[in-house]
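Student: First, the structure itself, so that you have it in front of you.
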Amino acid sequence: MTHKKISLALSRLALDTPFYAALALSTPIVEADSISTFATDGSKIFYNPDFADSLSVEEIEFVLVHELEHIVRLHNFRMQGRDHQRWNIACDHIINLDLLNMRDLKSPMRDGKFIGYADAQYAGMSSEQVYDLLKDNPPPTSDD
């Protein structure tokens, strides 16, 4: 059974961003206590129900689009032996920078700060370029 807030977020996607709604409705969304937030394996989206409970429906909408972007951008296939955590952070920067510019989405915020990676210095770069830059300058940990 899909989490109630996730169902509501999917309904909002249908109204706000039909493209993402079509993708989301064809992507299995699976509860997973083994992860701390949301994640994807490239074909499914996984979510921690406690984390989902901590977000508003609008914030879940943003997070679902974020995970869909990982799938659309083929991040699992493009990883090609790279360090998984560093690759995910690099991809998160690029996705979030793009999504933060979408007026239809409300980004997850805590204490007035976006809860994720979105460093403007990486704007316009590819995930591969950001990954290479992160090798020499590892980012602080985040809950994203």
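A note on labels: chains of the structure tokens are A, B, ... as shown, every chain counts residues from 1, and ligands are counted from 1 in their shown order.
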For the structure I just gave you, how does DSSP split chain A - specifically, which residues are strand (DSSP E)? Reply as a list in words.

Tutor: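 Result set for chain A (strand (DSSP E)): Ile29, Val30, Glu31, Phe38, Ala39, Thr40, Ile45, Phe46, Tyr47, Met109, Arg110, Lys113 and Phe114 of chain A.
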
Student: Write out as a list in words which residues come within 9 Å of A:Met79 when counting only C-alpha atoms, dropping same-chain ones fewer than 5 positions away.

Tutor: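 Answer for this query is Leu74, His84, Trp87, Asn88 and Glu128 of chain A.
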
Student: Mind listing the alpha helix (DSSP H) residues of chain A, per DSSP on the backbone, as a VMD selection string?

Tutor: chain A and resid 4 to 16 18 to 25 49 to 54 57 to 72 75 to 78 84 to 99 127 to 136

Student: Would you kindly return, as a ChimeraX atom specification, each protein, DNA or RNA residue with an atom no farther than 9 Å from any atom of A:Lys44, considering only C-alpha atoms and excluding same-chain residues fewer than 2 positions away?

Tutor: /A:27-30,39-42,46,71

Student: With a cut-off of 12 Å, could you pull out the residues of stretch 76-117 of chain A touching stretch 53-62 of chain A and give me the nearest pair of atoms for each, distance in Å to one decimal, using only C-alpha atoms, ordered by chain and ascending number, as JSON lines?

Tutor:
```
{"residue": "A:Ile95", "atom": "CA", "partner": "A:Phe62", "partner_atom": "CA", "distance": 10.9}
{"residue": "A:Asn96", "atom": "CA", "partner": "A:Phe62", "partner_atom": "CA", "distance": 9.4}
{"residue": "A:Asp98", "atom": "CA", "partner": "A:Phe62", "partner_atom": "CA", "distance": 11.5}
{"residue": "A:Leu99", "atom": "CA", "partner": "A:Phe62", "partner_atom": "CA", "distance": 7.8}
{"residue": "A:Leu100", "atom": "CA", "partner": "A:Phe62", "partner_atom": "CA", "distance": 9.1}
{"residue": "A:Asn101", "atom": "CA", "partner": "A:Phe62", "partner_atom": "CA", "distance": 11.7}
{"residue": "A:Met102", "atom": "CA", "partner": "A:Phe62", "partner_atom": "CA", "distance": 9.8}
{"residue": "A:Arg103", "atom": "CA", "partner": "A:Phe62", "partner_atom": "CA", "distance": 10.9}
{"residue": "A:Asp104", "atom": "CA", "partner": "A:Phe62", "partner_atom": "CA", "distance": 9.1}
{"residue": "A:Leu105", "atom": "CA", "partner": "A:Phe62", "partner_atom": "CA", "distance": 5.7}
{"residue": "A:Lys106", "atom": "CA", "partner": "A:Glu58", "partner_atom": "CA", "distance": 5.8}
{"residue": "A:Ser107", "atom": "CA", "partner": "A:Glu59", "partner_atom": "CA", "distance": 5.6}
{"residue": "A:Pro108", "atom": "CA", "partner": "A:Glu59", "partner_atom": "CA", "distance": 4.9}
{"residue": "A:Met109", "atom": "CA", "partner": "A:Glu59", "partner_atom": "CA", "distance": 8.3}
{"residue": "A:Arg110", "atom": "CA", "partner": "A:Leu55", "partner_atom": "CA", "distance": 10.0}
{"residue": "A:Phe114", "atom": "CA", "partner": "A:Glu59", "partner_atom": "CA", "distance": 10.7}
{"residue": "A:Ile115", "atom": "CA", "partner": "A:Glu59", "partner_atom": "CA", "distance": 10.5}
{"residue": "A:Gly116", "atom": "CA", "partner": "A:Phe62", "partner_atom": "CA", "distance": 11.5}
```

Student: Between A:Ala118, A:Leu64, A:Ala22, A:Ile35, single out the one closest to A:Ile6, counting only C-alpha atoms.

Tutor: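 Residue with the minimum atom-to-atom distance to A:Ile6: A:Leu64.
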
Student: Check the smallest atom-to-atom distance from each of A:Asp132, A:Glu31, A:Asp16, A:Asp111 to A:Asp83 using only C-alpha atoms, then report the winner.

Tutor: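 So, comparing all the options, the nearest one is A:Asp132.
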
Student: If you count only C-alpha atoms, which residues fall within 10 Å of A:Ala120, apart from same-chain ones fewer than 6 positions away, as a PyMOL selection string?

Tutor: chain A and resi 93-94+96-97

Student: Take the residues from that selection and write them out as a PDB file, in the first residue's frame, keeping all heavy atoms.

Tutor:
```pdb
ATOM      1  N   HIS A  93      23.444  17.162  -6.871  1.00  0.00           N
ATOM      2  CA  HIS A  93      23.704  18.582  -7.124  1.00  0.00           C
ATOM      3  C   HIS A  93      23.051  19.021  -8.428  1.00  0.00           C
ATOM      4  O   HIS A  93      22.343  20.040  -8.473  1.00  0.00           O
ATOM      5  CB  HIS A  93      25.213  18.850  -7.214  1.00  0.00           C
ATOM      6  CG  HIS A  93      25.892  19.012  -5.901  1.00  0.00           C
ATOM      7  ND1 HIS A  93      25.698  20.093  -5.071  1.00  0.00           N
ATOM      8  CD2 HIS A  93      26.804  18.222  -5.270  1.00  0.00           C
ATOM      9  CE1 HIS A  93      26.449  19.972  -3.993  1.00  0.00           C
ATOM     10  NE2 HIS A  93      27.132  18.846  -4.084  1.00  0.00           N
ATOM     11  N   ILE A  94      23.269  18.268  -9.491  1.00  0.00           N
ATOM     12  CA  ILE A  94      22.780  18.649 -10.814  1.00  0.00           C
ATOM     13  C   ILE A  94      21.254  18.613 -10.865  1.00  0.00           C
ATOM     14  O   ILE A  94      20.608  19.551 -11.344  1.00  0.00           O
ATOM     15  CB  ILE A  94      23.401  17.751 -11.908  1.00  0.00           C
ATOM     16  CG1 ILE A  94      24.931  17.863 -11.878  1.00  0.00           C
ATOM     17  CG2 ILE A  94      22.831  18.089 -13.274  1.00  0.00           C
ATOM     18  CD1 ILE A  94      25.469  19.276 -11.986  1.00  0.00           C
ATOM     19  N   ASN A  96      19.067  18.766  -8.318  1.00  0.00           N
ATOM     20  CA  ASN A  96      18.457  19.759  -7.438  1.00  0.00           C
ATOM     21  C   ASN A  96      18.608  21.177  -7.977  1.00  0.00           C
ATOM     22  O   ASN A  96      17.689  21.994  -7.842  1.00  0.00           O
ATOM     23  CB  ASN A  96      19.019  19.644  -6.021  1.00  0.00           C
ATOM     24  CG  ASN A  96      18.557  18.380  -5.336  1.00  0.00           C
ATOM     25  OD1 ASN A  96      17.492  17.854  -5.635  1.00  0.00           O
ATOM     26  ND2 ASN A  96      19.360  17.881  -4.424  1.00  0.00           N
ATOM     27  N   LEU A  97      19.756  21.481  -8.573  1.00  0.00           N
ATOM     28  CA  LEU A  97      19.914  22.809  -9.165  1.00  0.00           C
ATOM     29  C   LEU A  97      18.853  23.046 -10.234  1.00  0.00           C
ATOM     30  O   LEU A  97      18.284  24.140 -10.329  1.00  0.00           O
ATOM     31  CB  LEU A  97      21.321  22.972  -9.754  1.00  0.00           C
ATOM     32  CG  LEU A  97      22.433  23.151  -8.718  1.00  0.00           C
ATOM     33  CD1 LEU A  97      23.794  23.022  -9.384  1.00  0.00           C
ATOM     34  CD2 LEU A  97      22.292  24.485  -7.988  1.00  0.00           C
TER      35      LEU A  97
END
```

Student: Write out as an mmCIF file with N, CA, C and O atoms, in the first residue's frame each polymer residue whose atoms come within 7 Å of A:Ala21, counting only C-alpha atoms; drop sequence neighbours fewer than 5 positions from it.

Tutor:
```
data_model
loop_
_atom_site.group_PDB
_atom_site.id
_atom_site.type_symbol
_atom_site.label_atom_id
_atom_site.label_comp_id
_atom_site.auth_asym_id
_atom_site.auth_seq_id
_atom_site.Cartn_x
_atom_site.Cartn_y
_atom_site.Cartn_z
ATOM 1 N N LEU A 10 1.318 12.231 -5.755
ATOM 2 C CA LEU A 10 1.106 11.768 -7.129
ATOM 3 C C LEU A 10 -0.077 12.494 -7.767
ATOM 4 O O LEU A 10 -0.023 12.862 -8.944
ATOM 5 N N LEU A 13 1.124 15.870 -8.707
ATOM 6 C CA LEU A 13 1.943 15.799 -9.920
ATOM 7 C C LEU A 13 1.069 15.798 -11.164
ATOM 8 O O LEU A 13 1.407 16.423 -12.166
ATOM 9 N N ALA A 14 -0.040 15.085 -11.092
ATOM 10 C CA ALA A 14 -0.946 15.006 -12.248
ATOM 11 C C ALA A 14 -1.462 16.398 -12.627
ATOM 12 O O ALA A 14 -1.629 16.704 -13.807
#
```

Student: Just to confirm, what's the straight-line distance from atom CA of A:Val65 to atom CA of A:Phe38 in Å (one decimal)?

Tutor: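 Taking atom CA of A:Val65 and atom CA of A:Phe38, their separation equals 11.1 Å.
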
Student: Identify, on the basis of only C-alpha atoms, every residue whose closest approach to A:Arg73 does not exceed 10 Å; exclude the query and any residue fewer than 2 positions from it along the same chain; express the result as an mmCIF file with N, CA, C and O atoms, in the first residue's frame.

Tutor:
```cif
data_model
loop_
_atom_site.group_PDB
_atom_site.id
_atom_site.type_symbol
_atom_site.label_atom_id
_atom_site.label_comp_id
_atom_site.auth_asym_id
_atom_site.auth_seq_id
_atom_site.Cartn_x
_atom_site.Cartn_y
_atom_site.Cartn_z
ATOM 1 N N GLY A 42 16.993 2.696 -10.310
ATOM 2 C CA GLY A 42 16.920 2.913 -11.748
ATOM 3 C C GLY A 42 15.626 2.426 -12.366
ATOM 4 O O GLY A 42 15.312 2.772 -13.499
ATOM 5 N N LEU A 68 12.741 10.519 -9.875
ATOM 6 C CA LEU A 68 12.449 10.258 -11.287
ATOM 7 C C LEU A 68 13.551 10.804 -12.191
ATOM 8 O O LEU A 68 13.899 10.190 -13.208
ATOM 9 N N GLU A 69 14.111 11.937 -11.820
ATOM 10 C CA GLU A 69 15.207 12.503 -12.611
ATOM 11 C C GLU A 69 16.435 11.587 -12.601
ATOM 12 O O GLU A 69 17.137 11.481 -13.603
ATOM 13 N N HIS A 70 16.699 10.932 -11.484
ATOM 14 C CA HIS A 70 17.793 9.949 -11.469
ATOM 15 C C HIS A 70 17.541 8.865 -12.525
ATOM 16 O O HIS A 70 18.454 8.451 -13.238
ATOM 17 N N ILE A 71 16.289 8.425 -12.625
ATOM 18 C CA ILE A 71 15.928 7.377 -13.584
ATOM 19 C C ILE A 71 16.036 7.899 -15.015
ATOM 20 O O ILE A 71 16.673 7.281 -15.874
ATOM 21 N N HIS A 75 21.240 7.628 -14.372
ATOM 22 C CA HIS A 75 22.368 7.713 -13.457
ATOM 23 C C HIS A 75 22.921 6.350 -13.051
ATOM 24 O O HIS A 75 24.134 6.204 -12.894
ATOM 25 N N ASN A 76 22.047 5.355 -12.878
ATOM 26 C CA ASN A 76 22.552 4.019 -12.512
ATOM 27 C C ASN A 76 23.456 3.454 -13.596
ATOM 28 O O ASN A 76 24.464 2.814 -13.306
ATOM 29 N N PHE A 77 23.112 3.684 -14.850
ATOM 30 C CA PHE A 77 23.917 3.166 -15.962
ATOM 31 C C PHE A 77 25.188 3.979 -16.174
ATOM 32 O O PHE A 77 26.204 3.443 -16.605
ATOM 33 N N ARG A 78 25.123 5.254 -15.893
ATOM 34 C CA ARG A 78 26.271 6.137 -16.117
ATOM 35 C C ARG A 78 27.303 6.060 -14.991
ATOM 36 O O ARG A 78 28.403 6.591 -15.138
ATOM 37 N N CYS A 91 25.265 13.658 -8.736
ATOM 38 C CA CYS A 91 23.990 13.665 -9.466
ATOM 39 C C CYS A 91 22.956 14.515 -8.739
ATOM 40 O O CYS A 91 22.187 15.256 -9.380
ATOM 41 N N ILE A 95 20.669 17.538 -10.358
ATOM 42 C CA ILE A 95 19.199 17.435 -10.351
ATOM 43 C C ILE A 95 18.591 18.570 -9.541
ATOM 44 O O ILE A 95 17.665 19.259 -9.992
ATOM 45 N N SER A 127 27.014 15.533 -14.331
ATOM 46 C CA SER A 127 27.280 14.775 -13.106
ATOM 47 C C SER A 127 28.713 14.246 -13.105
ATOM 48 O O SER A 127 29.366 14.211 -12.057
#
```

Student: Excluding A:Leu134 and its own-chain neighbours fewer than 5 positions away, which residues fall within 9 Å of it when counting only C-alpha atoms? Please give them as an MDAnalysis selection string.

Tutor: chainID A and resid 86:87 89:90 129 139

Student: Can I get the selected residues back with all heavy atoms, as a CSV table (one decimal), in the first residue's frame?

Tutor:
```
chain,number,residue,atom,x,y,z
A,86,ARG,N,29.7,9.1,-3.7
A,86,ARG,CA,30.2,10.3,-4.4
A,86,ARG,C,29.4,10.6,-5.7
A,86,ARG,O,29.0,11.7,-6.0
A,86,ARG,CB,31.6,10.3,-4.7
A,86,ARG,CG,32.2,11.6,-5.2
A,86,ARG,CD,33.7,11.6,-5.5
A,86,ARG,NE,34.4,11.1,-4.4
A,86,ARG,CZ,35.4,10.1,-4.5
A,86,ARG,NH1,35.6,9.5,-5.7
A,86,ARG,NH2,36.0,9.7,-3.5
A,87,TRP,N,29.1,9.5,-6.4
A,87,TRP,CA,28.3,9.7,-7.7
A,87,TRP,C,26.9,10.2,-7.4
A,87,TRP,O,26.4,11.1,-8.1
A,87,TRP,CB,28.3,8.3,-8.4
A,87,TRP,CG,27.4,8.3,-9.6
A,87,TRP,CD1,26.2,7.6,-9.8
A,87,TRP,CD2,27.6,9.1,-10.9
A,87,TRP,NE1,25.7,7.9,-11.1
A,87,TRP,CE2,26.5,8.8,-11.7
A,87,TRP,CE3,28.6,9.9,-11.3
A,87,TRP,CZ2,26.4,9.3,-13.0
A,87,TRP,CZ3,28.5,10.5,-12.6
A,87,TRP,CH2,27.4,10.2,-13.4
A,89,ILE,N,25.9,12.0,-4.9
A,89,ILE,CA,26.0,13.4,-4.4
A,89,ILE,C,26.2,14.3,-5.7
A,89,ILE,O,25.5,15.3,-5.8
A,89,ILE,CB,27.1,13.6,-3.4
A,89,ILE,CG1,26.7,12.9,-2.1
A,89,ILE,CG2,27.4,15.1,-3.2
A,89,ILE,CD1,27.9,12.8,-1.1
A,90,ALA,N,27.1,13.9,-6.6
A,90,ALA,CA,27.3,14.7,-7.8
A,90,ALA,C,26.0,14.8,-8.6
A,90,ALA,O,25.6,15.9,-9.0
A,90,ALA,CB,28.4,14.0,-8.7
A,129,GLN,N,31.3,15.7,-14.4
A,129,GLN,CA,32.2,16.8,-14.1
A,129,GLN,C,32.2,17.0,-12.6
A,129,GLN,O,33.3,17.2,-12.0
A,129,GLN,CB,31.9,18.0,-14.9
A,129,GLN,CG,32.2,17.9,-16.4
A,129,GLN,CD,31.5,19.1,-17.1
A,129,GLN,OE1,30.4,19.4,-16.9
A,129,GLN,NE2,32.3,19.7,-18.0
A,139,PRO,N,32.3,16.6,-0.2
A,139,PRO,CA,31.2,17.4,0.4
A,139,PRO,C,31.0,16.9,1.8
A,139,PRO,O,31.2,15.8,2.2
A,139,PRO,CB,30.0,17.2,-0.5
A,139,PRO,CG,30.2,15.8,-1.0
A,139,PRO,CD,31.7,15.7,-1.2
```
